[in-house]
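Undergrad: Just passing along the structure, written as structure tokens.
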Amino acid sequence: MSADASDLASGKGHRDENFPVASVLIAPRHRPLVLAFYRVARMADDIADHPSAGAADKLERLAAIEATLLGRDDAVAPAANLRRLQDARGLSGQHILDLIEAFRRDVAKTRYADWDELMDYCRYSAAPVGRFVLDAHGESAALWAASDALCAALQVINHLQDCGEDYRDLGRVYVPQGALAAAGLDADALGEAQASPALRGVIAGLAARTQSLLAEAAPLSGAVRDGRLALEIGVIHALAASLARRLLVRDPLAGGVHHRPVEALGVALAGAAATATRRLGLGGRARLGHG
């Protein structure tokens with residue numbers, strides 16, 4: 001086994017993600033730490049999603065990353081770098097460990113019974129990312145609930161956008177089985193070139209639930225102290241809201257959901273402007289709890 005997992009790397013970087021990762025909006029002093037977290041997450045994701053590596057090999061590689069994160073060795077260089085950066089800042093290492101658990105689940109679990117089970121997965125696959133970014137910026141843990149809602153929404157949007165690809169390439173289905181069954185469908189519906197009206201209804205229903213998560217997350221950009229982080233959150237929220245609206249009416253199997261670059265730029269600029277305006281109207285900061 002290659003300790004650095006480079007032989008399983010997808011070649012995907014932080015600029016290739018559906019939502020911004022450590023964009024130029026993030027203050028330079030925080031970007032190396034956030035990017036170090038991303039590199040470990042990207043490595044683990046590539047392992048879990050590799051189409052031909054066996055489950056035992058994947059779990060062994062994830063265990064090697066975890067061992068380095070826990071300080072048992074320095075075998076996996078990106079993980080050792082993240083551990084040192086976290087230690088230097090006095091930050092908890094639990095968030096990245098929770099994320100590793102999500103990738104471990106991806107190796108073993110390919111179906112989710114209902115929305116609650118999917119949200120439990122998001123507790124490990126999505127929430128740790130937002131919590132880490134808040135911690136890196138010295139923000140209050142009182143903001144975690146709103147951040148969790150935003151990150152869960154991003155995760156579900158990614159799942160819905162890519163539901164056909166996930167099924168065809170990985171045999172993985174994040175659309176809850178109960179929702180499919182209630183519409184008289186099974187997972188094979190995700191393998192079609194176009195979604196049936198019944199599947200479109202299932203996807204729209206999940207998109208509507210995602211909009212509720214985004215409503216829970218809406219105050220977050222006004223509540224963080226760091227103005228640059230607020231703009232980043234505002235951009236991400238705007239992009240997510242736009243995609244959720246598209247999922248209400250567009251067919252992800254036919255590839256009609258993802259933003260084109262120019263569309264994403266327009267939505268991002270509008271989100272940043274709206275966030276800046278709200279924060280000015282709130283006197284620079286709103287609060288979500290105290291901590």
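Labels for the structure tokens follow display order: chains A, B, ..., residues from 1 in each chain, ligands from 1.
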Neighbouring residues of stretch 169-171 of chain A were defined as those with any atom within 8 Å, considering only C-alpha atoms; residues of the same chain fewer than 4 positions away were excluded. Please report them as a list of chain:residue names.
TA: A:Asp49, A:Pro51, A:Thr110, A:Glu165
Undergrad: Show me a table, sorted first by chain and then by increasing residue number, of the residues of stretch 73-164 of chain A having an atom at most 10 Å from stretch 204-208 of chain A, each with its shortest atom pair and the distance in Å to one decimal, counting only C-alpha atoms and written as a tab-separated table.
TA:
```
residue	atom	partner	partner_atom	distance
A:Trp115	CA	A:Leu206	CA	8.7
A:Ala153	CA	A:Ala207	CA	9.0
A:Val156	CA	A:Ala207	CA	8.1
A:Ile157	CA	A:Ala207	CA	7.4
A:Leu160	CA	A:Ala207	CA	8.1
```
Undergrad: Write to file, as a PDB file, in the first residue's frame, the residues of the selection just made, with C-alpha atoms.
TA:
```pdb
ATOM      1  CA  TRP A 115     -33.888  11.580   5.457  1.00  0.00           C
ATOM      2  CA  ALA A 153     -27.528  21.442   2.462  1.00  0.00           C
ATOM      3  CA  VAL A 156     -27.426  16.988  -0.271  1.00  0.00           C
ATOM      4  CA  ILE A 157     -27.204  19.350  -3.249  1.00  0.00           C
ATOM      5  CA  LEU A 160     -28.745  15.316  -5.994  1.00  0.00           C
TER       6      LEU A 160
END
```
Undergrad: Could you give me, as number ranges by chain, the residues within 10 Å of A:Ala79, counting only C-alpha atoms and dropping anything in the same chain fewer than 2 positions from it?
TA: A: 4, 36-37, 39-41, 43, 64-71, 73-77, 81-85, 96
Undergrad: Restricting the calculation to only C-alpha atoms: of A:Val267, A:Val129, A:Ala182, A:Ala27, which residue gets closest to A:Ala230?
TA: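 Nearest candidate to A:Ala230 out of A:Val267, A:Val129, A:Ala182, A:Ala27: A:Ala27.
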Undergrad: Using only C-alpha atoms, which protein or nucleic acid residues come within 7 Å of stretch 145-149 of chain A? Drop anything in the same chain fewer than 3 positions from it, and give the result as a CSV table (one decimal) with C-alpha atoms, in the first residue's frame.
TA:
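That gives us around-v1.csv:
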```
chain,number,residue,atom,x,y,z
A,127,ALA,CA,-20.7,19.3,9.4
A,130,GLY,CA,-17.9,24.0,8.6
A,131,ARG,CA,-17.0,23.5,12.2
A,152,ALA,CA,-25.8,19.5,5.2
A,153,ALA,CA,-27.5,21.4,2.5
A,213,LEU,CA,-31.8,23.7,5.7
A,214,LEU,CA,-30.6,26.8,3.9
A,216,GLU,CA,-31.8,27.6,9.0
A,217,ALA,CA,-28.3,28.6,7.8
A,220,LEU,CA,-24.8,32.6,9.7
```
Undergrad: When you count only C-alpha atoms, which of these residues is closest to A:Arg278: A:Leu190, A:Asp120, A:Ala179, A:Gly227?
TA: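 The closest residue to A:Arg278 is A:Gly227.
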Undergrad: Tell me which of A:Ala55, A:Ile203, A:Val34, A:Ala88 sits closest to A:Val249, counting only C-alpha atoms.
TA: A:Ile203
Undergrad: Apply DSSP to the backbone of this structure and, from stretch 61-103 of chain A, keep only the residues in alpha helix (DSSP H); write these as a compact mmCIF listing (two decimals) with C-alpha atoms, in the first residue's frame.
TA:
```txt
# COMPACT_ATOMS: atom_id res chain seq x y z
CA ARG A 61 -5.45 3.49 3.54
CA LEU A 62 -7.99 5.46 5.55
CA ALA A 63 -6.64 3.87 8.72
CA ALA A 64 -3.14 5.03 7.76
CA ILE A 65 -4.38 8.62 7.41
CA GLU A 66 -6.15 8.36 10.77
CA ALA A 67 -3.04 6.98 12.47
CA THR A 68 -1.01 9.97 11.26
CA LEU A 69 -3.71 12.42 12.35
CA ALA A 77 2.60 13.58 4.78
CA PRO A 78 -0.52 15.75 4.22
CA ALA A 79 -2.08 14.40 7.41
CA ALA A 80 1.11 15.03 9.38
CA ASN A 81 1.21 18.59 8.06
CA LEU A 82 -2.40 19.21 9.08
CA ARG A 83 -1.78 17.78 12.54
CA ARG A 84 1.19 20.10 13.06
CA LEU A 85 -0.75 23.14 11.85
CA GLN A 86 -3.69 22.30 14.10
CA ASP A 87 -1.43 21.76 17.08
CA ALA A 88 0.32 25.06 16.47
CA ARG A 89 -3.03 26.84 16.59
CA GLN A 94 -11.72 15.86 15.99
CA HIS A 95 -13.27 17.47 12.92
CA ILE A 96 -10.97 15.79 10.43
CA LEU A 97 -11.33 12.50 12.32
CA ASP A 98 -15.11 12.77 11.98
CA LEU A 99 -14.66 13.33 8.26
CA ILE A 100 -12.49 10.23 7.98
CA GLU A 101 -15.35 8.30 9.59
CA ALA A 102 -17.67 9.52 6.80
CA PHE A 103 -15.29 8.22 4.15
```
Undergrad: Considering only C-alpha atoms, can you say which of A:Ala187, A:Leu231, A:Leu154, A:Ala113 comes closest to A:Ala244?
TA: A:Leu154
Undergrad: Extract, using only C-alpha atoms, all DNA, RNA and protein residues at most 12 Å from A:Arg228, discarding same-chain residues fewer than 6 positions from it, and format them as a PyMOL selection string.
TA: chain A and resi 22-31+137+221-222+234-235+272+275-276+279+284
